[in-house]
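See below for work_6.pdb, which holds PDB, C-alpha atoms, pLDDT in the B column.
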ATOM      1  CA  MET M   4     135.583  46.469 118.537  1.00 85.00           C
ATOM      2  CA  ASN M   5     133.210  47.575 115.756  1.00 96.00           C
ATOM      3  CA  PHE M   6     130.473  49.088 117.900  1.00 98.00           C
ATOM      4  CA  SER M   7     128.870  49.272 121.342  1.00 98.00           C
ATOM      5  CA  ILE M   8     125.107  48.710 121.651  1.00 98.00           C
ATOM      6  CA  ILE M   9     123.413  50.825 124.335  1.00 98.00           C
ATOM      7  CA  ILE M  10     119.930  49.777 125.500  1.00 98.00           C
ATOM      8  CA  PRO M  11     118.150  51.923 128.128  1.00 98.00           C
ATOM      9  CA  VAL M  12     115.421  50.054 130.024  1.00 97.00           C
ATOM     10  CA  PHE M  13     112.785  50.741 132.645  1.00 97.00           C
ATOM     11  CA  ASN M  14     110.516  47.868 133.700  1.00 96.00           C
ATOM     12  CA  GLU M  15     111.058  45.794 130.561  1.00 96.00           C
ATOM     13  CA  ASP M  16     111.995  42.423 132.093  1.00 94.00           C
ATOM     14  CA  GLN M  17     110.208  40.236 129.523  1.00 92.00           C
ATOM     15  CA  ASN M  18     111.000  42.402 126.511  1.00 95.00           C
ATOM     16  CA  ILE M  19     114.687  42.898 127.297  1.00 97.00           C
ATOM     17  CA  HIS M  20     115.208  39.185 127.958  1.00 95.00           C
ATOM     18  CA  ASN M  21     113.814  38.301 124.534  1.00 96.00           C
ATOM     19  CA  LEU M  22     115.662  41.154 122.817  1.00 97.00           C
ATOM     20  CA  ILE M  23     119.100  40.225 124.180  1.00 97.00           C
ATOM     21  CA  ASN M  24     118.669  36.592 123.171  1.00 97.00           C
ATOM     22  CA  GLU M  25     117.508  37.712 119.731  1.00 96.00           C
ATOM     23  CA  ILE M  26     120.566  39.921 119.222  1.00 97.00           C
ATOM     24  CA  PHE M  27     123.006  37.155 120.095  1.00 95.00           C
ATOM     25  CA  LYS M  28     121.274  34.700 117.764  1.00 94.00           C
ATOM     26  CA  ILE M  29     122.057  36.941 114.777  1.00 93.00           C
ATOM     27  CA  ASP M  30     125.404  36.370 113.070  1.00 86.00           C
ATOM     28  CA  TYR M  31     126.547  39.965 112.612  1.00 83.00           C
ATOM     29  CA  SER M  32     130.174  39.011 111.832  1.00 86.00           C
ATOM     30  CA  TYR M  33     131.173  42.043 113.914  1.00 92.00           C
ATOM     31  CA  ASP M  34     132.839  42.489 117.281  1.00 95.00           C
ATOM     32  CA  PHE M  35     130.484  44.283 119.671  1.00 97.00           C
ATOM     33  CA  GLU M  36     129.378  44.707 123.271  1.00 98.00           C
ATOM     34  CA  ILE M  37     125.929  45.305 124.714  1.00 98.00           C
ATOM     35  CA  ILE M  38     125.447  47.695 127.617  1.00 98.00           C
ATOM     36  CA  VAL M  39     122.008  47.605 129.228  1.00 98.00           C
ATOM     37  CA  VAL M  40     121.325  50.640 131.403  1.00 98.00           C
ATOM     38  CA  ASN M  41     118.661  49.838 133.982  1.00 98.00           C
ATOM     39  CA  ASP M  42     116.862  53.044 134.987  1.00 98.00           C
ATOM     40  CA  LYS M  43     115.883  51.925 138.510  1.00 97.00           C
ATOM     41  CA  SER M  44     113.344  49.342 137.349  1.00 97.00           C
ATOM     42  CA  THR M  45     110.910  47.994 139.929  1.00 96.00           C
ATOM     43  CA  ASP M  46     110.235  44.696 138.145  1.00 96.00           C
ATOM     44  CA  GLU M  47     112.577  41.783 137.373  1.00 96.00           C
ATOM     45  CA  THR M  48     114.623  43.647 134.736  1.00 97.00           C
ATOM     46  CA  GLU M  49     117.859  43.599 136.733  1.00 97.00           C
ATOM     47  CA  GLU M  50     117.524  39.888 137.541  1.00 97.00           C
ATOM     48  CA  SER M  51     116.872  39.080 133.879  1.00 96.00           C
ATOM     49  CA  ILE M  52     120.069  40.835 132.794  1.00 97.00           C
ATOM     50  CA  ILE M  53     122.149  39.266 135.572  1.00 97.00           C
ATOM     51  CA  ASN M  54     121.023  35.812 134.449  1.00 96.00           C
ATOM     52  CA  LEU M  55     121.796  36.615 130.812  1.00 97.00           C
ATOM     53  CA  LYS M  56     125.276  37.860 131.758  1.00 97.00           C
ATOM     54  CA  LYS M  57     126.142  34.296 132.751  1.00 96.00           C
ATOM     55  CA  LYS M  58     125.413  33.268 129.174  1.00 96.00           C
ATOM     56  CA  TYR M  59     126.972  36.185 127.248  1.00 97.00           C
ATOM     57  CA  SER M  60     130.431  37.462 128.181  1.00 95.00           C
ATOM     58  CA  ASN M  61     130.118  40.720 126.226  1.00 96.00           C
ATOM     59  CA  LEU M  62     126.878  41.761 127.948  1.00 98.00           C
ATOM     60  CA  TYR M  63     127.188  44.434 130.634  1.00 98.00           C
ATOM     61  CA  LEU M  64     124.733  45.951 133.095  1.00 98.00           C
ATOM     62  CA  ILE M  65     124.706  49.489 134.505  1.00 98.00           C
ATOM     63  CA  ASN M  66     122.200  50.309 137.250  1.00 98.00           C
ATOM     64  CA  ASN M  67     121.193  53.943 137.689  1.00 98.00           C
ATOM     65  CA  ASP M  68     120.814  54.884 141.344  1.00 97.00           C
ATOM     66  CA  ASN M  69     117.515  56.601 140.556  1.00 97.00           C
ATOM     67  CA  ASN M  70     114.938  56.827 137.769  1.00 97.00           C
ATOM     68  CA  TYR M  71     116.549  59.556 135.651  1.00 96.00           C
ATOM     69  CA  GLY M  72     114.941  58.933 132.274  1.00 95.00           C
ATOM     70  CA  GLN M  73     115.966  57.721 128.837  1.00 95.00           C
ATOM     71  CA  SER M  74     118.396  60.504 127.938  1.00 96.00           C
ATOM     72  CA  PHE M  75     120.404  60.074 131.140  1.00 97.00           C
ATOM     73  CA  SER M  76     120.477  56.308 130.673  1.00 98.00           C
ATOM     74  CA  ILE M  77     121.776  56.580 127.105  1.00 98.00           C
ATOM     75  CA  HIS M  78     124.364  59.146 128.191  1.00 98.00           C
ATOM     76  CA  ASN M  79     125.487  56.911 131.054  1.00 98.00           C
ATOM     77  CA  GLY M  80     125.855  53.946 128.709  1.00 98.00           C
ATOM     78  CA  VAL M  81     127.778  55.907 126.070  1.00 98.00           C
ATOM     79  CA  LYS M  82     130.251  57.173 128.685  1.00 98.00           C
ATOM     80  CA  ASN M  83     131.068  53.574 129.611  1.00 98.00           C
ATOM     81  CA  ALA M  84     131.222  52.207 126.056  1.00 98.00           C
ATOM     82  CA  LYS M  85     134.488  50.729 124.777  1.00 98.00           C
ATOM     83  CA  SER M  86     133.889  51.590 121.123  1.00 98.00           C
ATOM     84  CA  ASN M  87     133.746  55.041 119.566  1.00 98.00           C
ATOM     85  CA  VAL M  88     130.852  53.816 117.373  1.00 98.00           C
ATOM     86  CA  ILE M  89     127.580  53.743 119.322  1.00 98.00           C
ATOM     87  CA  VAL M  90     124.370  51.921 118.414  1.00 98.00           C
ATOM     88  CA  THR M  91     121.223  52.652 120.412  1.00 98.00           C
ATOM     89  CA  LEU M  92     117.919  50.824 120.391  1.00 97.00           C
ATOM     90  CA  ASP M  93     114.913  50.732 122.673  1.00 96.00           C
ATOM     91  CA  GLY M  94     114.501  47.961 125.203  1.00 96.00           C
ATOM     92  CA  ASP M  95     110.828  47.307 124.423  1.00 94.00           C
ATOM     93  CA  GLY M  96     111.644  45.027 121.475  1.00 95.00           C
ATOM     94  CA  GLN M  97     109.947  47.192 118.848  1.00 95.00           C
ATOM     95  CA  ASN M  98     113.251  47.958 117.084  1.00 97.00           C
ATOM     96  CA  ASN M  99     114.404  45.012 114.966  1.00 96.00           C
ATOM     97  CA  PRO M 100     118.016  43.952 115.745  1.00 96.00           C
ATOM     98  CA  LEU M 101     118.426  42.942 112.099  1.00 96.00           C
ATOM     99  CA  ASP M 102     118.540  46.660 111.329  1.00 96.00           C
ATOM    100  CA  ILE M 103     121.762  47.068 113.330  1.00 97.00           C
ATOM    101  CA  GLU M 104     123.835  45.694 110.474  1.00 96.00           C
ATOM    102  CA  LYS M 105     121.888  47.838 108.000  1.00 96.00           C
ATOM    103  CA  ILE M 106     122.636  51.130 109.752  1.00 97.00           C
ATOM    104  CA  TYR M 107     126.231  50.099 110.519  1.00 97.00           C
ATOM    105  CA  LYS M 108     126.932  49.450 106.821  1.00 96.00           C
ATOM    106  CA  GLU M 109     125.503  52.862 105.945  1.00 97.00           C
ATOM    107  CA  TYR M 110     127.580  54.482 108.686  1.00 98.00           C
ATOM    108  CA  ILE M 111     130.928  53.064 107.545  1.00 97.00           C
ATOM    109  CA  LYS M 112     130.109  53.602 103.861  1.00 96.00           C
ATOM    110  CA  HIS M 113     130.004  57.394 104.250  1.00 95.00           C
ATOM    111  CA  ASN M 114     133.169  58.949 105.665  1.00 93.00           C
ATOM    112  CA  ASP M 115     131.466  62.312 106.153  1.00 96.00           C
ATOM    113  CA  VAL M 116     128.429  60.977 108.061  1.00 98.00           C
ATOM    114  CA  PHE M 117     128.547  60.860 111.877  1.00 98.00           C
ATOM    115  CA  LEU M 118     124.971  59.814 112.661  1.00 98.00           C
ATOM    116  CA  VAL M 119     122.613  57.428 110.891  1.00 98.00           C
ATOM    117  CA  GLY M 120     119.075  57.480 112.232  1.00 97.00           C
ATOM    118  CA  GLY M 121     116.273  55.019 111.645  1.00 97.00           C
ATOM    119  CA  ILE M 122     112.904  55.987 110.193  1.00 95.00           C
ATOM    120  CA  ARG M 123     109.932  53.878 111.274  1.00 92.00           C
ATOM    121  CA  LYS M 124     108.142  53.854 107.941  1.00 85.00           C
ATOM    122  CA  ASN M 125     105.415  51.428 109.088  1.00 83.00           C
ATOM    123  CA  ARG M 126     104.946  52.066 112.797  1.00 82.00           C
ATOM    124  CA  ASN M 127     103.213  49.525 115.017  1.00 75.00           C
ATOM    125  CA  ASP M 128     101.841  51.904 117.636  1.00 74.00           C
ATOM    126  CA  SER M 129      98.477  53.335 118.598  1.00 74.00           C
ATOM    127  CA  TYR M 130      96.847  55.779 116.188  1.00 71.00           C
ATOM    128  CA  LEU M 131      97.144  58.570 118.787  1.00 75.00           C
ATOM    129  CA  LYS M 132     100.847  57.944 119.275  1.00 74.00           C
ATOM    130  CA  ILE M 133     101.543  57.894 115.535  1.00 74.00           C
ATOM    131  CA  ILE M 134      99.631  61.133 114.852  1.00 81.00           C
ATOM    132  CA  SER M 135     101.141  62.994 117.816  1.00 76.00           C
ATOM    133  CA  SER M 136     104.609  61.863 116.745  1.00 76.00           C
ATOM    134  CA  LYS M 137     104.066  63.083 113.177  1.00 78.00           C
ATOM    135  CA  ILE M 138     102.905  66.486 114.437  1.00 82.00           C
ATOM    136  CA  ALA M 139     105.868  66.742 116.805  1.00 82.00           C
ATOM    137  CA  ASN M 140     108.304  65.838 114.022  1.00 79.00           C
ATOM    138  CA  LYS M 141     106.843  68.465 111.692  1.00 83.00           C
ATOM    139  CA  ILE M 142     107.022  71.169 114.367  1.00 86.00           C
ATOM    140  CA  ARG M 143     110.591  70.239 115.295  1.00 84.00           C
ATOM    141  CA  ASN M 144     111.718  70.111 111.687  1.00 79.00           C
ATOM    142  CA  PHE M 145     110.076  73.470 110.947  1.00 85.00           C
ATOM    143  CA  PHE M 146     112.129  75.195 113.630  1.00 86.00           C
ATOM    144  CA  LEU M 147     115.346  73.162 113.687  1.00 89.00           C
ATOM    145  CA  LYS M 148     115.635  72.210 109.990  1.00 86.00           C
ATOM    146  CA  ASP M 149     117.311  68.866 110.775  1.00 90.00           C
ATOM    147  CA  GLY M 150     115.671  67.078 107.827  1.00 89.00           C
ATOM    148  CA  CYS M 151     114.798  64.091 110.013  1.00 91.00           C
ATOM    149  CA  PRO M 152     111.229  62.747 109.635  1.00 89.00           C
ATOM    150  CA  ASP M 153     111.466  60.552 112.750  1.00 92.00           C
ATOM    151  CA  SER M 154     113.969  61.780 115.337  1.00 89.00           C
ATOM    152  CA  GLY M 155     112.268  59.731 118.062  1.00 88.00           C
ATOM    153  CA  CYS M 156     113.189  56.397 116.488  1.00 94.00           C
ATOM    154  CA  GLY M 157     115.267  54.486 119.048  1.00 95.00           C
ATOM    155  CA  ILE M 158     117.654  52.799 116.628  1.00 98.00           C
ATOM    156  CA  LYS M 159     120.580  55.039 115.695  1.00 98.00           C
ATOM    157  CA  ILE M 160     124.327  54.824 115.177  1.00 98.00           C
ATOM    158  CA  PHE M 161     126.656  57.724 115.889  1.00 98.00           C
ATOM    159  CA  ASP M 162     130.095  58.943 116.910  1.00 98.00           C
ATOM    160  CA  LYS M 163     130.747  58.684 120.664  1.00 98.00           C
ATOM    161  CA  ASN M 164     133.060  61.689 120.941  1.00 98.00           C
ATOM    162  CA  ILE M 165     130.665  64.036 119.185  1.00 98.00           C
ATOM    163  CA  PHE M 166     127.792  62.797 121.346  1.00 98.00           C
ATOM    164  CA  LEU M 167     129.705  63.394 124.580  1.00 98.00           C
ATOM    165  CA  SER M 168     130.651  66.895 123.431  1.00 97.00           C
ATOM    166  CA  LEU M 169     126.956  67.855 123.198  1.00 97.00           C
ATOM    167  CA  PRO M 170     125.229  69.740 126.033  1.00 94.00           C
ATOM    168  CA  PHE M 171     123.250  67.256 128.110  1.00 96.00           C
ATOM    169  CA  PHE M 172     119.584  67.845 128.907  1.00 94.00           C
ATOM    170  CA  ASP M 173     116.607  65.622 129.618  1.00 92.00           C
ATOM    171  CA  GLY M 174     115.085  64.665 126.271  1.00 92.00           C
ATOM    172  CA  MET M 175     118.248  65.232 124.245  1.00 95.00           C
ATOM    173  CA  HIS M 176     118.003  61.749 122.695  1.00 95.00           C
ATOM    174  CA  ARG M 177     115.052  62.980 120.614  1.00 92.00           C
ATOM    175  CA  PHE M 178     117.110  65.855 119.200  1.00 95.00           C
ATOM    176  CA  LEU M 179     120.327  64.098 118.257  1.00 97.00           C
ATOM    177  CA  PRO M 180     120.127  64.855 114.491  1.00 96.00           C
ATOM    178  CA  ALA M 181     119.642  68.583 115.167  1.00 95.00           C
ATOM    179  CA  LEU M 182     122.397  68.590 117.798  1.00 96.00           C
ATOM    180  CA  PHE M 183     124.845  66.785 115.516  1.00 97.00           C
ATOM    181  CA  ILE M 184     124.082  69.230 112.704  1.00 95.00           C
ATOM    182  CA  LYS M 185     124.744  72.123 115.113  1.00 94.00           C
ATOM    183  CA  LYS M 186     128.206  70.592 115.600  1.00 94.00           C
ATOM    184  CA  GLY M 187     128.729  70.540 111.834  1.00 95.00           C
ATOM    185  CA  ALA M 188     128.345  66.741 111.641  1.00 97.00           C
ATOM    186  CA  ASN M 189     126.377  65.292 108.716  1.00 97.00           C
ATOM    187  CA  CYS M 190     123.449  62.939 109.329  1.00 97.00           C
ATOM    188  CA  LEU M 191     121.753  60.275 107.219  1.00 97.00           C
ATOM    189  CA  TYR M 192     118.347  58.612 107.646  1.00 97.00           C
ATOM    190  CA  VAL M 193     117.260  55.141 106.511  1.00 97.00           C
ATOM    191  CA  ASN M 194     114.016  53.179 106.739  1.00 97.00           C
ATOM    192  CA  VAL M 195     113.938  50.511 109.456  1.00 97.00           C
ATOM    193  CA  ASP M 196     111.488  47.909 110.716  1.00 96.00           C
ATOM    194  CA  HIS M 197     109.139  48.609 113.630  1.00 95.00           C
ATOM    195  CA  ARG M 198     107.405  45.806 115.501  1.00 94.00           C
ATOM    196  CA  PRO M 199     104.416  45.630 117.866  1.00 91.00           C
ATOM    197  CA  ARG M 200     105.149  45.720 121.575  1.00 91.00           C
ATOM    198  CA  LYS M 201     104.716  42.211 123.009  1.00 89.00           C
ATOM    199  CA  PHE M 202     104.721  42.906 126.746  1.00 85.00           C
ATOM    200  CA  GLY M 203     103.908  45.884 128.946  1.00 76.00           C
ATOM    201  CA  ASN M 204     103.064  49.455 128.027  1.00 74.00           C
ATOM    202  CA  SER M 205     104.938  52.536 126.900  1.00 70.00           C
ATOM    203  CA  LYS M 206     106.473  54.435 129.827  1.00 59.00           C
ATOM    204  CA  TYR M 207     106.228  57.874 128.243  1.00 52.00           C
ATOM    205  CA  GLY M 208     103.065  60.009 128.355  1.00 51.00           C
ATOM    206  CA  THR M 209     102.057  61.797 125.164  1.00 52.00           C
ATOM    207  CA  ILE M 210     101.045  65.138 126.761  1.00 51.00           C
ATOM    208  CA  LYS M 211     104.077  65.341 129.037  1.00 58.00           C
ATOM    209  CA  ARG M 212     106.384  64.486 126.134  1.00 60.00           C
ATOM    210  CA  ALA M 213     104.733  67.129 123.935  1.00 59.00           C
ATOM    211  CA  VAL M 214     105.229  69.903 126.502  1.00 60.00           C
ATOM    212  CA  SER M 215     108.855  68.992 127.214  1.00 73.00           C
ATOM    213  CA  GLY M 216     109.447  68.609 123.465  1.00 75.00           C
ATOM    214  CA  LEU M 217     108.336  72.179 122.752  1.00 73.00           C
ATOM    215  CA  LEU M 218     110.570  73.538 125.524  1.00 78.00           C
ATOM    216  CA  ASN M 219     113.506  71.528 124.212  1.00 84.00           C
ATOM    217  CA  ILE M 220     112.965  72.839 120.676  1.00 85.00           C
ATOM    218  CA  ILE M 221     113.476  76.354 122.031  1.00 81.00           C
ATOM    219  CA  LYS M 222     116.540  75.200 123.941  1.00 79.00           C
ATOM    220  CA  VAL M 223     118.138  73.552 120.893  1.00 85.00           C
ATOM    221  CA  LEU M 224     117.177  76.437 118.603  1.00 79.00           C
ATOM    222  CA  TYR M 225     119.187  78.922 120.650  1.00 76.00           C
ATOM    223  CA  LEU M 226     122.204  76.728 121.262  1.00 78.00           C
ATOM    224  CA  PRO M 227     125.340  78.184 119.644  1.00 73.00           C
ATOM    225  CA  LYS M 228     126.809  76.312 116.678  1.00 66.00           C
TER     226      LYS M 228
END
The structure in this file should be written as structure tokens.
Amino acid sequence: MNFSIIIPVFNEDQNIHNLINEIFKIDYSYDFEIIVVNDKSTDETEESIINLKKKYSNLYLINNDNNYGQSFSIHNGVKNAKSNVIVTLDGDGQNNPLDIEKIYKEYIKHNDVFLVGGIRKNRNDSYLKIISSKIANKIRNFFLKDGCPDSGCGIKIFDKNIFLSLPFFDGMHRFLPALFIKKGANCLYVNVDHRPRKFGNSKYGTIKRAVSGLLNIIKVLYLPK
């Protein structure tokens, strides 16, 4: 198997249904599985995935027993992945599945690179969200020196074993480049597409994310190499 795709979701029934169908329509010429981790959704997300599982044999569903957040969901999916090469993307449909092949080719081209992260060069989000994200990235990069201009981009590819060796904490998915570098693993960043959200709203508050982000910067900064 070339890679495992992990998609964390919370109340994304319409978006995840469209995204899964879109992924399987693309001829990647690779062997892969998709693991959707449902973070205790209260809408029809679980039913949508169950129906899609009848259509796609390499689609799997994991249901968290509580709403634990995006980092826990990604971690849970990675632990259950069959491949040692992990691809993550958000379940809201804003990441373009066509970029999966792009980051995979970059990943296998460089033997000394263990994480390739996407950079949303032309973001389709609110002005407030874009500005707050840019400020957060500059602050994080100032302290952690990870060289990543967009660590919050959902589409990434990385080594499973290195990921599972990292200390887990809520919000860790936004610090993967810095954490990989702490482990001595090289990272690479490439421009990727970013699309408007079609259905629903973002589940993550800007102020709450900013406060937790600052606390996590301190946490990552003082982690031993």
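Nearest to M:Ile19 of all the residues M:Val39, M:Ile103, M:Ile122, M:Ile160 is M:Val39, counting only C-alpha atoms.
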> In Å to one decimal, how far is atom CA of M:Leu22 from atom CA of M:Thr45?
Replying inline: 19.0 Å
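Note that atom CA of M:Lys159 and atom CA of M:Phe13 are 19.1 Å apart.
Each of M:Gly155, M:His176, M:Ile23, M:Arg143 was compared to M:Leu224 using all atoms listed in the file, and M:Arg143 turns out to be the nearest.
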>> Give me the residues near M:Asn5 as a list in words, where near means some atom within 9 Å (using only C-alpha atoms) and where sequence neighbours in that chain fewer than 6 positions away do not count.
In response: Tyr33, Asp34, Phe35, Glu36, Ser86, Asn87 and Val88 of chain M
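With the shown file loaded, the PyMOL selection byres ((chain M and resi 10) around 9) picks out M:Ile8, M:Ile9, M:Pro11, M:Val12, M:Ile19, M:Ile37, M:Ile38, M:Val39, M:Val40, M:Asn41, M:Ser76, M:Ile77, M:Gly80, M:Val90, M:Thr91, M:Leu92, M:Asp93, M:Gly94.
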Quick one: which stretch 72-106 of chain M residues come within 12 Å of stretch 111-115 of chain M, and what is the nearest atom pair for each with the distance in Å to one decimal, counting all atoms listed in the file, rows ordered by chain and ascending number, as a tab-separated table?
residue	atom	partner	partner_atom	distance
M:Val88	CA	M:Ile111	CA	9.9
M:Glu104	CA	M:Ile111	CA	10.6
M:Lys105	CA	M:Ile111	CA	10.5
M:Ile106	CA	M:Ile111	CA	8.8
> Quick one: residues within 9 Å of M:Asp173, all atoms listed in the file counted, chain neighbours fewer than 5 positions away excluded, as a VMD selection string?
Replying inline: chain M and resid 71 to 75 215 219
> Excluding same-chain residues fewer than 6 positions from M:Cys156, what lies within 12 Å of it counting only C-alpha atoms, as number ranges by chain?
Replying inline: M: 91-93, 97-99, 119-126, 133, 136-137, 140, 176-180, 192-197
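In this structure, atom CA of M:Leu118 sits 20.1 Å away from atom CA of M:Lys141.
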>> Using all atoms listed in the file, which protein or nucleic acid residues come within 9 Å of M:Asn18? Drop anything in the same chain fewer than 6 positions from it, and give the result as a PyMOL selection string.
In response: chain M and resi 94-96+200-203
Padding 8 Å on every side, please: axis-aligned box over the listed atoms of stretch 186-203 of chain M, centre and edge lengths to one decimal in Å, as JSON.
{"center_x": 116.3, "center_y": 56.4, "center_z": 117.7, "size_x": 40.8, "size_y": 44.4, "size_z": 38.4}
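Against the coordinates shown, the PyMOL selection byres ((chain M and resi 166) around 10) returns His78, Val81, Lys82, Asn87, Ile89, Phe117, Leu118, Phe161, Asp162, Lys163, Asn164, Ile165, Leu167, Ser168, Leu169, Pro170, Phe171, His176, Leu179, Leu182, Phe183 and Lys186 of chain M.
If you measure from each of M:His20, M:Tyr31, M:Asp46, M:Met4 to M:Lys108 using only C-alpha atoms, the closest one turns out to be M:Tyr31.
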With N, CA and C atoms as the goal, would you fill in the gaps in stretch 141-153 of chain M and present it as a PDB file, in the coordinates of the input?
ATOM      1  N   LYS M 141     107.012  67.342 112.611  1.00 83.00           N
ATOM      2  CA  LYS M 141     106.843  68.465 111.692  1.00 83.00           C
ATOM      3  C   LYS M 141     107.168  69.790 112.373  1.00 83.00           C
ATOM      4  N   ILE M 142     106.733  69.946 113.618  1.00 86.00           N
ATOM      5  CA  ILE M 142     107.022  71.169 114.367  1.00 86.00           C
ATOM      6  C   ILE M 142     108.526  71.305 114.606  1.00 86.00           C
ATOM      7  N   ARG M 143     109.146  70.208 115.045  1.00 84.00           N
ATOM      8  CA  ARG M 143     110.591  70.239 115.295  1.00 84.00           C
ATOM      9  C   ARG M 143     111.384  70.552 114.035  1.00 84.00           C
ATOM     10  N   ASN M 144     111.001  69.910 112.946  1.00 79.00           N
ATOM     11  CA  ASN M 144     111.718  70.111 111.687  1.00 79.00           C
ATOM     12  C   ASN M 144     111.519  71.524 111.143  1.00 79.00           C
ATOM     13  N   PHE M 145     110.356  72.106 111.396  1.00 85.00           N
ATOM     14  CA  PHE M 145     110.076  73.470 110.947  1.00 85.00           C
ATOM     15  C   PHE M 145     111.039  74.459 111.605  1.00 85.00           C
ATOM     16  N   PHE M 146     111.273  74.264 112.890  1.00 86.00           N
ATOM     17  CA  PHE M 146     112.129  75.195 113.630  1.00 86.00           C
ATOM     18  C   PHE M 146     113.616  74.846 113.536  1.00 86.00           C
ATOM     19  N   LEU M 147     113.942  73.561 113.585  1.00 89.00           N
ATOM     20  CA  LEU M 147     115.346  73.162 113.687  1.00 89.00           C
ATOM     21  C   LEU M 147     115.982  72.787 112.353  1.00 89.00           C
ATOM     22  N   LYS M 148     115.133  72.500 111.339  1.00 86.00           N
ATOM     23  CA  LYS M 148     115.635  72.210 109.990  1.00 86.00           C
ATOM     24  C   LYS M 148     116.663  71.071 109.980  1.00 86.00           C
ATOM     25  N   ASP M 149     116.368  69.987 110.723  1.00 90.00           N
ATOM     26  CA  ASP M 149     117.311  68.866 110.775  1.00 90.00           C
ATOM     27  C   ASP M 149     117.069  67.838 109.668  1.00 90.00           C
ATOM     28  N   GLY M 150     115.958  67.979 108.944  1.00 89.00           N
ATOM     29  CA  GLY M 150     115.671  67.078 107.827  1.00 89.00           C
ATOM     30  C   GLY M 150     115.328  65.661 108.228  1.00 89.00           C
ATOM     31  N   CYS M 151     115.086  65.443 109.523  1.00 91.00           N
ATOM     32  CA  CYS M 151     114.798  64.091 110.013  1.00 91.00           C
ATOM     33  C   CYS M 151     113.298  63.910 110.210  1.00 91.00           C
ATOM     34  N   PRO M 152     112.673  62.965 109.500  1.00 89.00           N
ATOM     35  CA  PRO M 152     111.229  62.747 109.635  1.00 89.00           C
ATOM     36  C   PRO M 152     110.822  61.944 110.864  1.00 89.00           C
ATOM     37  N   ASP M 153     111.806  61.412 111.610  1.00 92.00           N
ATOM     38  CA  ASP M 153     111.466  60.552 112.750  1.00 92.00           C
ATOM     39  C   ASP M 153     112.615  60.552 113.755  1.00 92.00           C
TER      40      ASP M 153
END
